[in-house]
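Below is the file structure_25.txt, which contains compact mmCIF, N, CA and C atoms.
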# COMPACT_ATOMS: atom_id res chain seq x y z
N VAL A 1 119.18 119.64 90.21
CA VAL A 1 119.59 120.33 89.00
C VAL A 1 118.45 121.20 88.48
N VAL A 2 117.25 120.67 88.49
CA VAL A 2 116.10 121.46 88.02
C VAL A 2 115.95 122.72 88.86
N SER A 3 116.04 122.59 90.16
CA SER A 3 115.95 123.75 91.05
C SER A 3 117.06 124.75 90.74
N ALA A 4 118.26 124.25 90.54
CA ALA A 4 119.41 125.12 90.24
C ALA A 4 119.20 125.89 88.94
N LEU A 5 118.69 125.22 87.93
CA LEU A 5 118.52 125.85 86.63
C LEU A 5 117.33 126.81 86.57
N LEU A 6 116.26 126.48 87.28
CA LEU A 6 115.05 127.28 87.17
C LEU A 6 114.87 128.32 88.27
N TRP A 7 115.46 128.08 89.44
CA TRP A 7 115.29 129.03 90.55
C TRP A 7 116.61 129.61 91.04
N HIS A 8 117.69 129.02 90.66
CA HIS A 8 119.04 129.43 91.06
C HIS A 8 119.24 129.21 92.56
N GLY A 9 119.25 130.22 93.40
CA GLY A 9 119.40 130.07 94.84
C GLY A 9 120.62 129.23 95.21
N VAL A 10 120.53 128.56 96.35
CA VAL A 10 121.66 127.75 96.84
C VAL A 10 121.98 126.60 95.87
N PRO A 11 120.98 125.88 95.34
CA PRO A 11 121.33 124.84 94.36
C PRO A 11 122.07 125.42 93.14
N GLY A 12 121.68 126.60 92.72
CA GLY A 12 122.39 127.25 91.61
C GLY A 12 123.82 127.59 91.97
N GLU A 13 124.03 127.93 93.23
CA GLU A 13 125.38 128.24 93.71
C GLU A 13 126.28 127.00 93.61
N VAL A 14 125.72 125.83 93.85
CA VAL A 14 126.49 124.59 93.71
C VAL A 14 127.01 124.48 92.27
N LEU A 15 126.13 124.72 91.29
CA LEU A 15 126.55 124.63 89.89
C LEU A 15 127.61 125.67 89.56
N VAL A 16 127.44 126.88 90.06
CA VAL A 16 128.40 127.95 89.80
C VAL A 16 129.76 127.58 90.39
N LEU A 17 129.77 127.13 91.64
CA LEU A 17 131.03 126.74 92.28
C LEU A 17 131.69 125.59 91.52
N ALA A 18 130.89 124.63 91.12
CA ALA A 18 131.45 123.49 90.41
C ALA A 18 132.05 123.91 89.07
N ARG A 19 131.39 124.77 88.36
CA ARG A 19 131.88 125.22 87.05
C ARG A 19 133.14 126.05 87.16
N HIS A 20 133.21 126.89 88.16
CA HIS A 20 134.31 127.85 88.25
C HIS A 20 135.44 127.43 89.17
N GLU A 21 135.29 126.36 89.88
CA GLU A 21 136.31 125.98 90.85
C GLU A 21 136.84 124.58 90.60
N SER A 22 136.79 124.14 89.38
CA SER A 22 137.37 122.85 88.99
C SER A 22 136.79 121.66 89.74
N MET A 23 135.54 121.75 90.11
CA MET A 23 134.85 120.60 90.69
C MET A 23 134.01 119.99 89.58
N ARG A 24 133.88 118.71 89.60
CA ARG A 24 133.17 118.04 88.52
C ARG A 24 131.76 117.68 88.91
N ILE A 25 130.88 117.84 87.95
CA ILE A 25 129.49 117.39 88.08
C ILE A 25 129.36 116.19 87.15
N PHE A 26 128.77 115.11 87.66
CA PHE A 26 128.58 113.92 86.85
C PHE A 26 127.10 113.71 86.59
N THR A 27 126.81 113.19 85.42
CA THR A 27 125.43 112.85 85.07
C THR A 27 125.47 111.64 84.14
N SER A 28 124.31 111.16 83.81
CA SER A 28 124.18 110.03 82.88
C SER A 28 123.04 110.34 81.92
N MET A 29 122.96 109.58 80.86
CA MET A 29 121.87 109.78 79.90
C MET A 29 120.52 109.56 80.59
N GLN A 30 120.45 108.60 81.48
CA GLN A 30 119.20 108.35 82.21
C GLN A 30 118.80 109.57 83.03
N LEU A 31 119.77 110.20 83.69
CA LEU A 31 119.46 111.39 84.49
C LEU A 31 119.13 112.59 83.61
N LEU A 32 119.80 112.72 82.48
CA LEU A 32 119.47 113.80 81.55
C LEU A 32 118.06 113.63 80.97
N ASP A 33 117.70 112.40 80.66
CA ASP A 33 116.35 112.13 80.15
C ASP A 33 115.30 112.48 81.21
N GLU A 34 115.58 112.12 82.45
CA GLU A 34 114.64 112.45 83.53
C GLU A 34 114.56 113.96 83.73
N MET A 35 115.70 114.64 83.66
CA MET A 35 115.70 116.09 83.79
C MET A 35 114.85 116.73 82.69
N ARG A 36 115.01 116.27 81.45
CA ARG A 36 114.23 116.80 80.33
C ARG A 36 112.73 116.57 80.58
N GLU A 37 112.39 115.37 81.03
CA GLU A 37 110.98 115.05 81.29
C GLU A 37 110.41 115.97 82.37
N VAL A 38 111.17 116.22 83.41
CA VAL A 38 110.69 117.06 84.51
C VAL A 38 110.52 118.51 84.06
N ILE A 39 111.53 119.08 83.40
CA ILE A 39 111.42 120.50 83.05
C ILE A 39 110.43 120.76 81.91
N CYS A 40 110.00 119.69 81.24
CA CYS A 40 108.98 119.85 80.20
C CYS A 40 107.56 119.85 80.78
N ARG A 41 107.43 119.60 82.06
CA ARG A 41 106.10 119.60 82.68
C ARG A 41 105.49 121.00 82.63
N ALA A 42 104.20 121.05 82.42
CA ALA A 42 103.48 122.32 82.29
C ALA A 42 103.71 123.24 83.48
N LYS A 43 103.83 122.68 84.68
CA LYS A 43 103.99 123.51 85.86
C LYS A 43 105.31 124.28 85.87
N PHE A 44 106.27 123.89 85.03
CA PHE A 44 107.55 124.58 84.97
C PHE A 44 107.69 125.49 83.74
N ALA A 45 106.66 125.53 82.91
CA ALA A 45 106.75 126.28 81.65
C ALA A 45 107.13 127.75 81.86
N GLU A 46 106.52 128.39 82.83
CA GLU A 46 106.83 129.81 83.08
C GLU A 46 108.28 129.98 83.56
N ARG A 47 108.74 129.09 84.44
CA ARG A 47 110.11 129.18 84.94
C ARG A 47 111.12 128.95 83.82
N VAL A 48 110.84 128.00 82.94
CA VAL A 48 111.72 127.74 81.80
C VAL A 48 111.76 128.98 80.91
N GLN A 49 110.60 129.57 80.66
CA GLN A 49 110.54 130.76 79.81
C GLN A 49 111.37 131.90 80.40
N ARG A 50 111.35 132.06 81.71
CA ARG A 50 112.14 133.12 82.37
C ARG A 50 113.64 132.97 82.16
N THR A 51 114.09 131.74 81.91
CA THR A 51 115.53 131.53 81.70
C THR A 51 115.99 132.07 80.35
N GLY A 52 115.03 132.25 79.43
CA GLY A 52 115.39 132.69 78.08
C GLY A 52 115.92 131.55 77.22
N GLN A 53 115.79 130.33 77.73
CA GLN A 53 116.24 129.15 77.00
C GLN A 53 115.09 128.17 76.82
N THR A 54 115.21 127.33 75.83
CA THR A 54 114.24 126.25 75.68
C THR A 54 114.63 125.11 76.62
N THR A 55 113.74 124.16 76.79
CA THR A 55 114.08 123.01 77.63
C THR A 55 115.26 122.25 77.03
N ASP A 56 115.28 122.13 75.72
CA ASP A 56 116.41 121.44 75.08
C ASP A 56 117.72 122.18 75.32
N GLU A 57 117.69 123.51 75.27
CA GLU A 57 118.91 124.29 75.53
C GLU A 57 119.37 124.13 76.97
N LEU A 58 118.43 124.12 77.92
CA LEU A 58 118.79 123.93 79.32
C LEU A 58 119.49 122.58 79.51
N VAL A 59 118.91 121.54 78.93
CA VAL A 59 119.50 120.20 79.06
C VAL A 59 120.86 120.16 78.37
N ARG A 60 120.94 120.71 77.18
CA ARG A 60 122.20 120.69 76.43
C ARG A 60 123.30 121.47 77.16
N ASN A 61 122.95 122.63 77.71
CA ASN A 61 123.95 123.43 78.44
C ASN A 61 124.41 122.74 79.72
N PHE A 62 123.46 122.10 80.42
CA PHE A 62 123.86 121.35 81.61
C PHE A 62 124.76 120.19 81.20
N ARG A 63 124.37 119.48 80.16
CA ARG A 63 125.17 118.35 79.67
C ARG A 63 126.58 118.79 79.32
N ALA A 64 126.73 119.97 78.73
CA ALA A 64 128.05 120.47 78.35
C ALA A 64 128.91 120.77 79.58
N ALA A 65 128.28 121.08 80.71
CA ALA A 65 129.01 121.42 81.93
C ALA A 65 129.31 120.19 82.79
N ALA A 66 128.72 119.06 82.45
CA ALA A 66 128.84 117.86 83.28
C ALA A 66 129.67 116.79 82.58
N TRP A 67 130.19 115.89 83.37
CA TRP A 67 130.89 114.72 82.87
C TRP A 67 129.88 113.60 82.74
N LEU A 68 129.77 113.04 81.56
CA LEU A 68 128.79 111.99 81.30
C LEU A 68 129.39 110.62 81.64
N VAL A 69 128.68 109.87 82.47
CA VAL A 69 129.10 108.51 82.78
C VAL A 69 128.06 107.52 82.26
N ARG A 70 128.51 106.33 82.03
CA ARG A 70 127.60 105.27 81.57
C ARG A 70 127.10 104.52 82.79
N ASN A 71 125.85 104.72 83.10
CA ASN A 71 125.25 104.07 84.28
C ASN A 71 125.06 102.59 84.06
N ARG A 72 125.21 101.87 85.13
CA ARG A 72 124.78 100.48 85.16
C ARG A 72 123.53 100.44 86.03
N ARG A 73 122.61 99.62 85.69
CA ARG A 73 121.40 99.47 86.51
C ARG A 73 121.78 98.83 87.84
N MET A 74 121.13 99.29 88.89
CA MET A 74 121.35 98.70 90.21
C MET A 74 120.71 97.30 90.19
N THR A 75 121.37 96.35 90.79
CA THR A 75 120.81 95.00 90.84
C THR A 75 119.73 94.88 91.89
N LYS A 76 119.79 95.76 92.89
CA LYS A 76 118.81 95.73 93.97
C LYS A 76 118.42 97.17 94.29
N GLN A 77 117.13 97.42 94.47
CA GLN A 77 116.67 98.77 94.79
C GLN A 77 117.25 99.22 96.13
N VAL A 78 117.78 100.46 96.16
CA VAL A 78 118.40 101.00 97.36
C VAL A 78 117.53 102.09 97.97
N SER A 79 117.11 103.04 97.14
CA SER A 79 116.33 104.17 97.62
C SER A 79 114.85 103.81 97.72
N ARG A 80 114.13 104.56 98.55
CA ARG A 80 112.68 104.35 98.65
C ARG A 80 112.01 104.63 97.31
N ASP A 81 112.57 105.57 96.55
CA ASP A 81 112.07 105.90 95.21
C ASP A 81 113.00 105.24 94.20
N PRO A 82 112.52 104.25 93.46
CA PRO A 82 113.41 103.53 92.54
C PRO A 82 114.07 104.43 91.49
N ASP A 83 113.43 105.55 91.13
CA ASP A 83 114.04 106.48 90.17
C ASP A 83 115.33 107.08 90.72
N ASP A 84 115.43 107.21 92.04
CA ASP A 84 116.62 107.79 92.65
C ASP A 84 117.83 106.87 92.58
N ASP A 85 117.60 105.61 92.31
CA ASP A 85 118.72 104.69 92.18
C ASP A 85 119.62 105.07 91.00
N ALA A 86 119.09 105.77 90.01
CA ALA A 86 119.91 106.24 88.89
C ALA A 86 120.95 107.25 89.36
N VAL A 87 120.60 108.07 90.34
CA VAL A 87 121.55 109.02 90.92
C VAL A 87 122.65 108.26 91.65
N LEU A 88 122.26 107.27 92.43
CA LEU A 88 123.22 106.47 93.17
C LEU A 88 124.15 105.71 92.23
N ALA A 89 123.60 105.15 91.19
CA ALA A 89 124.41 104.41 90.21
C ALA A 89 125.40 105.34 89.53
N CYS A 90 124.95 106.53 89.17
CA CYS A 90 125.83 107.52 88.53
C CYS A 90 126.98 107.87 89.46
N ALA A 91 126.68 108.15 90.71
CA ALA A 91 127.71 108.51 91.69
C ALA A 91 128.70 107.37 91.89
N ALA A 92 128.20 106.15 91.93
CA ALA A 92 129.08 104.99 92.13
C ALA A 92 130.03 104.82 90.95
N VAL A 93 129.49 104.89 89.74
CA VAL A 93 130.32 104.74 88.54
C VAL A 93 131.34 105.87 88.45
N ALA A 94 130.93 107.09 88.81
CA ALA A 94 131.82 108.25 88.75
C ALA A 94 132.83 108.28 89.89
N ARG A 95 132.62 107.42 90.87
CA ARG A 95 133.44 107.46 92.08
C ARG A 95 133.41 108.86 92.69
N ALA A 96 132.21 109.38 92.80
CA ALA A 96 131.99 110.73 93.32
C ALA A 96 132.39 110.84 94.79
N ASP A 97 132.74 112.03 95.18
CA ASP A 97 133.05 112.31 96.58
C ASP A 97 131.79 112.66 97.35
N LEU A 98 130.78 113.15 96.63
CA LEU A 98 129.60 113.69 97.29
C LEU A 98 128.41 113.61 96.34
N ILE A 99 127.23 113.33 96.89
CA ILE A 99 125.98 113.43 96.14
C ILE A 99 125.25 114.62 96.74
N VAL A 100 124.90 115.58 95.89
CA VAL A 100 124.19 116.78 96.33
C VAL A 100 122.76 116.66 95.84
N SER A 101 121.82 116.77 96.78
CA SER A 101 120.42 116.58 96.41
C SER A 101 119.49 117.29 97.39
N GLY A 102 118.33 117.64 96.90
CA GLY A 102 117.26 118.15 97.75
C GLY A 102 116.19 117.09 97.95
N ASP A 103 116.39 115.93 97.37
CA ASP A 103 115.42 114.85 97.41
C ASP A 103 115.45 114.17 98.79
N ARG A 104 114.31 114.16 99.45
CA ARG A 104 114.24 113.59 100.81
C ARG A 104 114.60 112.11 100.86
N ASP A 105 114.19 111.38 99.83
CA ASP A 105 114.49 109.94 99.81
C ASP A 105 116.00 109.71 99.74
N LEU A 106 116.69 110.48 98.91
CA LEU A 106 118.14 110.34 98.84
C LEU A 106 118.80 110.83 100.12
N LEU A 107 118.38 111.98 100.61
CA LEU A 107 118.98 112.54 101.82
C LEU A 107 118.81 111.61 103.02
N SER A 108 117.71 110.87 103.05
CA SER A 108 117.47 109.97 104.18
C SER A 108 118.50 108.83 104.22
N LEU A 109 119.12 108.52 103.09
CA LEU A 109 120.14 107.47 103.06
C LEU A 109 121.43 107.93 103.74
N ARG A 110 121.72 109.20 103.68
CA ARG A 110 122.91 109.83 104.27
C ARG A 110 124.22 109.42 103.62
N VAL A 111 124.42 108.16 103.35
CA VAL A 111 125.66 107.66 102.72
C VAL A 111 125.30 106.49 101.82
N PHE A 112 125.96 106.43 100.67
CA PHE A 112 125.80 105.30 99.77
C PHE A 112 127.18 104.87 99.30
N ARG A 113 127.57 103.67 99.63
CA ARG A 113 128.88 103.12 99.25
C ARG A 113 130.02 104.10 99.57
N GLY A 114 129.93 104.69 100.74
CA GLY A 114 130.98 105.61 101.19
C GLY A 114 130.85 107.02 100.65
N ILE A 115 129.84 107.28 99.84
CA ILE A 115 129.62 108.61 99.26
C ILE A 115 128.55 109.30 100.09
N GLU A 116 128.92 110.40 100.71
CA GLU A 116 127.99 111.13 101.55
C GLU A 116 126.94 111.83 100.68
N ILE A 117 125.71 111.88 101.16
CA ILE A 117 124.61 112.52 100.45
C ILE A 117 124.19 113.73 101.28
N VAL A 118 124.32 114.92 100.69
CA VAL A 118 124.09 116.16 101.43
C VAL A 118 123.19 117.12 100.66
N SER A 119 122.64 118.07 101.38
CA SER A 119 121.82 119.13 100.76
C SER A 119 122.73 120.10 100.02
N ALA A 120 122.13 120.91 99.16
CA ALA A 120 122.89 121.93 98.44
C ALA A 120 123.55 122.90 99.41
N GLN A 121 122.85 123.28 100.44
CA GLN A 121 123.40 124.22 101.43
C GLN A 121 124.64 123.63 102.10
N ASN A 122 124.56 122.38 102.49
CA ASN A 122 125.70 121.71 103.11
C ASN A 122 126.86 121.61 102.12
N ALA A 123 126.56 121.33 100.87
CA ALA A 123 127.60 121.22 99.84
C ALA A 123 128.30 122.55 99.63
N VAL A 124 127.55 123.64 99.58
CA VAL A 124 128.15 124.97 99.39
C VAL A 124 129.10 125.29 100.55
N ILE A 125 128.68 125.00 101.76
CA ILE A 125 129.54 125.24 102.93
C ILE A 125 130.84 124.44 102.78
N ARG A 126 130.71 123.17 102.42
CA ARG A 126 131.90 122.31 102.28
C ARG A 126 132.81 122.80 101.15
N PHE A 127 132.21 123.16 100.01
CA PHE A 127 133.00 123.65 98.88
C PHE A 127 133.78 124.90 99.27
N LYS A 128 133.12 125.82 99.96
CA LYS A 128 133.77 127.06 100.35
C LYS A 128 134.89 126.80 101.36
N GLN A 129 134.68 125.88 102.28
CA GLN A 129 135.74 125.52 103.23
C GLN A 129 136.93 124.90 102.50
N LEU A 130 136.65 124.02 101.56
CA LEU A 130 137.71 123.40 100.79
C LEU A 130 138.48 124.44 99.98
N LEU A 131 137.78 125.35 99.36
CA LEU A 131 138.44 126.40 98.57
C LEU A 131 139.30 127.29 99.46
N ALA A 132 138.81 127.60 100.64
CA ALA A 132 139.58 128.44 101.58
C ALA A 132 140.86 127.73 101.97
N ARG A 133 140.80 126.43 102.22
CA ARG A 133 142.00 125.66 102.60
C ARG A 133 143.00 125.59 101.46
N THR A 134 142.50 125.40 100.25
CA THR A 134 143.42 125.25 99.11
C THR A 134 144.03 126.58 98.70
N ARG A 135 143.37 127.67 99.02
CA ARG A 135 143.90 128.99 98.64
C ARG A 135 144.82 129.57 99.71
N SER A 136 144.84 128.97 100.88
CA SER A 136 145.70 129.53 101.94
C SER A 136 147.03 128.81 102.03
Show me, as structure tokens, the structure contained in the file I just sent.
Amino acid sequence: VVSALLWHGVPGEVLVLARHESMRIFTSMQLLDEMREVICRAKFAERVQRTGQTTDELVRNFRAAAWLVRNRRMTKQVSRDPDDDAVLACAAVARADLIVSGDRDLLSLRVFRGIEIVSAQNAVIRFKQLLARTRS
């Protein structure tokens, strides 16, 4: 999400497709808090400024575009990075079809409880294929 908001590119395309093609993005308060903490880092200050929005506006606008779920804590660590378990918990509660991430630790899992974990590029390809099928 941070990459999508600050650099756009392929991750940004995922957000655009989701917003305009009736696909849902799910998040949780834990993930929003982490997003706020990350984009407030000094190394991102210039990128945030280029958006013309404050960090709070970026988080608020993303929150408005996403479906908020109430995460449950994982009982057992799944990902190599324990912070990534919040993403997995969100996807499980949301009964998501797909987890889209650039995070190597998440991508290395490939699947979590039947939910495939893919890169933004792979997700865009899948979304476009799905849209082509539904429009024909």
Contacts between segment 86-103 of chain A and segment 25-61 of chain A, please, where a residue of segment 25-61 of chain A counts if it comes within 7 Å (with all atoms listed in the file); show its shortest atom pair and distance in Å to one decimal, rows by chain and ascending number, as CSV.
residue,atom,partner,partner_atom,distance
A:Phe26,C,A:Cys90,C,6.5
A:Thr27,C,A:Cys90,CA,6.0
A:Ser28,N,A:Cys90,CA,6.2
A:Gln30,C,A:Ala86,CA,6.8
A:Leu31,N,A:Ala86,C,6.5
Next on the checklist: Going by DSSP on the backbone, which residues of segment 62-112 of chain A come out as helix (DSSP H, G or I)? List them as an MDAnalysis selection string.
Outcome noted: chainID A and resid 62:65 82:94 104:109
Checklist outcome for this item: Shortest contact to Arg73 of chain A, candidates A:Glu34, A:Leu107, A:Arg24, A:Asp85, atoms counted only C-alpha atoms, goes to A:Asp85
Checklist entry - Hey, what's within 8 Å of Gln121 of chain A if we count only N, CA and C atoms and toss same-chain stuff fewer than 5 positions away? As a PyMOL selection string, please? => result chain A and resi 10-11+14+100-101+126-127
Item to check | atom N of Met29 of chain A to atom CA of Leu68 of chain A, straight-line distance in Å | outcome: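 Separation of atom CA of Leu68 of chain A and atom N of Met29 of chain A: 6.3 Å.
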Next on the checklist: As an exercise, work out the distance from atom C of Glu37 of chain A to atom CA of Pro82 of chain A in Å and give it to one decimal place.
Outcome noted: 16.3 Å
Checklist outcome for this item: Expressed in Å, the length from atom CA of Arg70 of chain A to atom CA of Met23 of chain A is 19.3 Å
If DSSP is run on the backbone, what residues of segment 1-124 of chain A are strand (DSSP E)? A reply as a PDB file with N, CA and C atoms, in the frame of the given file would be ideal.
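Result file is out-v5.pdb:
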ATOM      1  N   PHE A  26     128.770 115.110  87.660  1.00  0.00           N
ATOM      2  CA  PHE A  26     128.580 113.920  86.850  1.00  0.00           C
ATOM      3  C   PHE A  26     127.100 113.710  86.590  1.00  0.00           C
ATOM      4  N   THR A  27     126.810 113.190  85.420  1.00  0.00           N
ATOM      5  CA  THR A  27     125.430 112.850  85.070  1.00  0.00           C
ATOM      6  C   THR A  27     125.470 111.640  84.140  1.00  0.00           C
ATOM      7  N   SER A  28     124.310 111.160  83.810  1.00  0.00           N
ATOM      8  CA  SER A  28     124.180 110.030  82.880  1.00  0.00           C
ATOM      9  C   SER A  28     123.040 110.340  81.920  1.00  0.00           C
ATOM     10  N   TRP A  67     130.190 115.890  83.370  1.00  0.00           N
ATOM     11  CA  TRP A  67     130.890 114.720  82.870  1.00  0.00           C
ATOM     12  C   TRP A  67     129.880 113.600  82.740  1.00  0.00           C
ATOM     13  N   LEU A  68     129.770 113.040  81.560  1.00  0.00           N
ATOM     14  CA  LEU A  68     128.790 111.990  81.300  1.00  0.00           C
ATOM     15  C   LEU A  68     129.390 110.620  81.640  1.00  0.00           C
ATOM     16  N   VAL A  69     128.680 109.870  82.470  1.00  0.00           N
ATOM     17  CA  VAL A  69     129.100 108.510  82.780  1.00  0.00           C
ATOM     18  C   VAL A  69     128.060 107.520  82.260  1.00  0.00           C
ATOM     19  N   LEU A  98     130.780 113.150  96.630  1.00  0.00           N
ATOM     20  CA  LEU A  98     129.600 113.690  97.290  1.00  0.00           C
ATOM     21  C   LEU A  98     128.410 113.610  96.340  1.00  0.00           C
ATOM     22  N   ILE A  99     127.230 113.330  96.890  1.00  0.00           N
ATOM     23  CA  ILE A  99     125.980 113.430  96.140  1.00  0.00           C
ATOM     24  C   ILE A  99     125.250 114.620  96.740  1.00  0.00           C
ATOM     25  N   VAL A 100     124.900 115.580  95.890  1.00  0.00           N
ATOM     26  CA  VAL A 100     124.190 116.780  96.330  1.00  0.00           C
ATOM     27  C   VAL A 100     122.760 116.660  95.840  1.00  0.00           C
ATOM     28  N   VAL A 111     124.420 108.160 103.350  1.00  0.00           N
ATOM     29  CA  VAL A 111     125.660 107.660 102.720  1.00  0.00           C
ATOM     30  C   VAL A 111     125.300 106.490 101.820  1.00  0.00           C
ATOM     31  N   PHE A 112     125.960 106.430 100.670  1.00  0.00           N
ATOM     32  CA  PHE A 112     125.800 105.300  99.770  1.00  0.00           C
ATOM     33  C   PHE A 112     127.180 104.870  99.300  1.00  0.00           C
ATOM     34  N   ILE A 115     129.840 107.280  99.840  1.00  0.00           N
ATOM     35  CA  ILE A 115     129.620 108.610  99.260  1.00  0.00           C
ATOM     36  C   ILE A 115     128.550 109.300 100.090  1.00  0.00           C
ATOM     37  N   GLU A 116     128.920 110.400 100.710  1.00  0.00           N
ATOM     38  CA  GLU A 116     127.990 111.130 101.550  1.00  0.00           C
ATOM     39  C   GLU A 116     126.940 111.830 100.680  1.00  0.00           C
ATOM     40  N   ILE A 117     125.710 111.880 101.160  1.00  0.00           N
ATOM     41  CA  ILE A 117     124.610 112.520 100.450  1.00  0.00           C
ATOM     42  C   ILE A 117     124.190 113.730 101.280  1.00  0.00           C
ATOM     43  N   VAL A 118     124.320 114.920 100.690  1.00  0.00           N
ATOM     44  CA  VAL A 118     124.090 116.160 101.430  1.00  0.00           C
ATOM     45  C   VAL A 118     123.190 117.120 100.660  1.00  0.00           C
TER      46      VAL A 118
END
Next on the checklist: My list of candidates is A:Arg60, A:Arg80, A:Thr55, A:Leu6. Which is closest to Arg104 of chain A when distances are computed with only N, CA and C atoms?
Outcome noted: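 Of A:Arg60, A:Arg80, A:Thr55, A:Leu6, the one nearest Arg104 of chain A, counting only N, CA and C atoms, is A:Arg80.
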Output segment 23-30 of chain A as an mmCIF file, in the frame of the given file, making sure all heavy atoms are there.
data_model
loop_
_atom_site.group_PDB
_atom_site.id
_atom_site.type_symbol
_atom_site.label_atom_id
_atom_site.label_comp_id
_atom_site.auth_asym_id
_atom_site.auth_seq_id
_atom_site.Cartn_x
_atom_site.Cartn_y
_atom_site.Cartn_z
ATOM 1 N N MET A 23 135.540 121.750 90.110
ATOM 2 C CA MET A 23 134.850 120.600 90.690
ATOM 3 C C MET A 23 134.010 119.990 89.580
ATOM 4 O O MET A 23 133.519 120.695 88.717
ATOM 5 C CB MET A 23 133.981 121.039 91.856
ATOM 6 C CG MET A 23 134.782 121.562 92.998
ATOM 7 S SD MET A 23 133.723 122.159 94.308
ATOM 8 C CE MET A 23 134.846 123.258 95.134
ATOM 9 N N ARG A 24 133.880 118.710 89.600
ATOM 10 C CA ARG A 24 133.170 118.040 88.520
ATOM 11 C C ARG A 24 131.760 117.680 88.910
ATOM 12 O O ARG A 24 131.503 117.226 90.017
ATOM 13 C CB ARG A 24 133.913 116.770 88.126
ATOM 14 C CG ARG A 24 135.245 117.053 87.499
ATOM 15 C CD ARG A 24 135.903 115.782 87.072
ATOM 16 N NE ARG A 24 137.204 116.090 86.475
ATOM 17 C CZ ARG A 24 138.091 115.188 86.171
ATOM 18 N NH1 ARG A 24 137.844 113.924 86.407
ATOM 19 N NH2 ARG A 24 139.225 115.535 85.635
ATOM 20 N N ILE A 25 130.880 117.840 87.950
ATOM 21 C CA ILE A 25 129.490 117.390 88.080
ATOM 22 C C ILE A 25 129.360 116.190 87.150
ATOM 23 O O ILE A 25 129.792 116.237 86.001
ATOM 24 C CB ILE A 25 128.512 118.496 87.627
ATOM 25 C CG1 ILE A 25 128.661 119.733 88.498
ATOM 26 C CG2 ILE A 25 127.083 117.973 87.627
ATOM 27 C CD1 ILE A 25 127.898 120.931 87.975
ATOM 28 N N PHE A 26 128.770 115.110 87.660
ATOM 29 C CA PHE A 26 128.580 113.920 86.850
ATOM 30 C C PHE A 26 127.100 113.710 86.590
ATOM 31 O O PHE A 26 126.255 114.009 87.430
ATOM 32 C CB PHE A 26 129.140 112.689 87.576
ATOM 33 C CG PHE A 26 130.634 112.734 87.743
ATOM 34 C CD1 PHE A 26 131.194 113.208 88.915
ATOM 35 C CD2 PHE A 26 131.464 112.319 86.722
ATOM 36 C CE1 PHE A 26 132.570 113.260 89.075
ATOM 37 C CE2 PHE A 26 132.842 112.363 86.868
ATOM 38 C CZ PHE A 26 133.396 112.839 88.046
ATOM 39 N N THR A 27 126.810 113.190 85.420
ATOM 40 C CA THR A 27 125.430 112.850 85.070
ATOM 41 C C THR A 27 125.470 111.640 84.140
ATOM 42 O O THR A 27 126.544 111.168 83.758
ATOM 43 C CB THR A 27 124.700 114.040 84.424
ATOM 44 O OG1 THR A 27 123.290 113.761 84.392
ATOM 45 C CG2 THR A 27 125.203 114.356 83.023
ATOM 46 N N SER A 28 124.310 111.160 83.810
ATOM 47 C CA SER A 28 124.180 110.030 82.880
ATOM 48 C C SER A 28 123.040 110.340 81.920
ATOM 49 O O SER A 28 122.250 111.255 82.147
ATOM 50 C CB SER A 28 123.865 108.747 83.660
ATOM 51 O OG SER A 28 122.569 108.851 84.250
ATOM 52 N N MET A 29 122.960 109.580 80.860
ATOM 53 C CA MET A 29 121.870 109.780 79.900
ATOM 54 C C MET A 29 120.520 109.560 80.590
ATOM 55 O O MET A 29 119.570 110.295 80.335
ATOM 56 C CB MET A 29 122.013 108.855 78.690
ATOM 57 C CG MET A 29 123.155 109.238 77.767
ATOM 58 S SD MET A 29 123.111 110.987 77.221
ATOM 59 C CE MET A 29 121.565 111.044 76.335
ATOM 60 N N GLN A 30 120.450 108.600 81.480
ATOM 61 C CA GLN A 30 119.200 108.350 82.210
ATOM 62 C C GLN A 30 118.800 109.570 83.030
ATOM 63 O O GLN A 30 117.638 109.973 83.036
ATOM 64 C CB GLN A 30 119.358 107.127 83.104
ATOM 65 C CG GLN A 30 118.090 106.717 83.806
ATOM 66 C CD GLN A 30 118.284 105.464 84.655
ATOM 67 O OE1 GLN A 30 119.344 104.849 84.659
ATOM 68 N NE2 GLN A 30 117.240 105.092 85.369
#
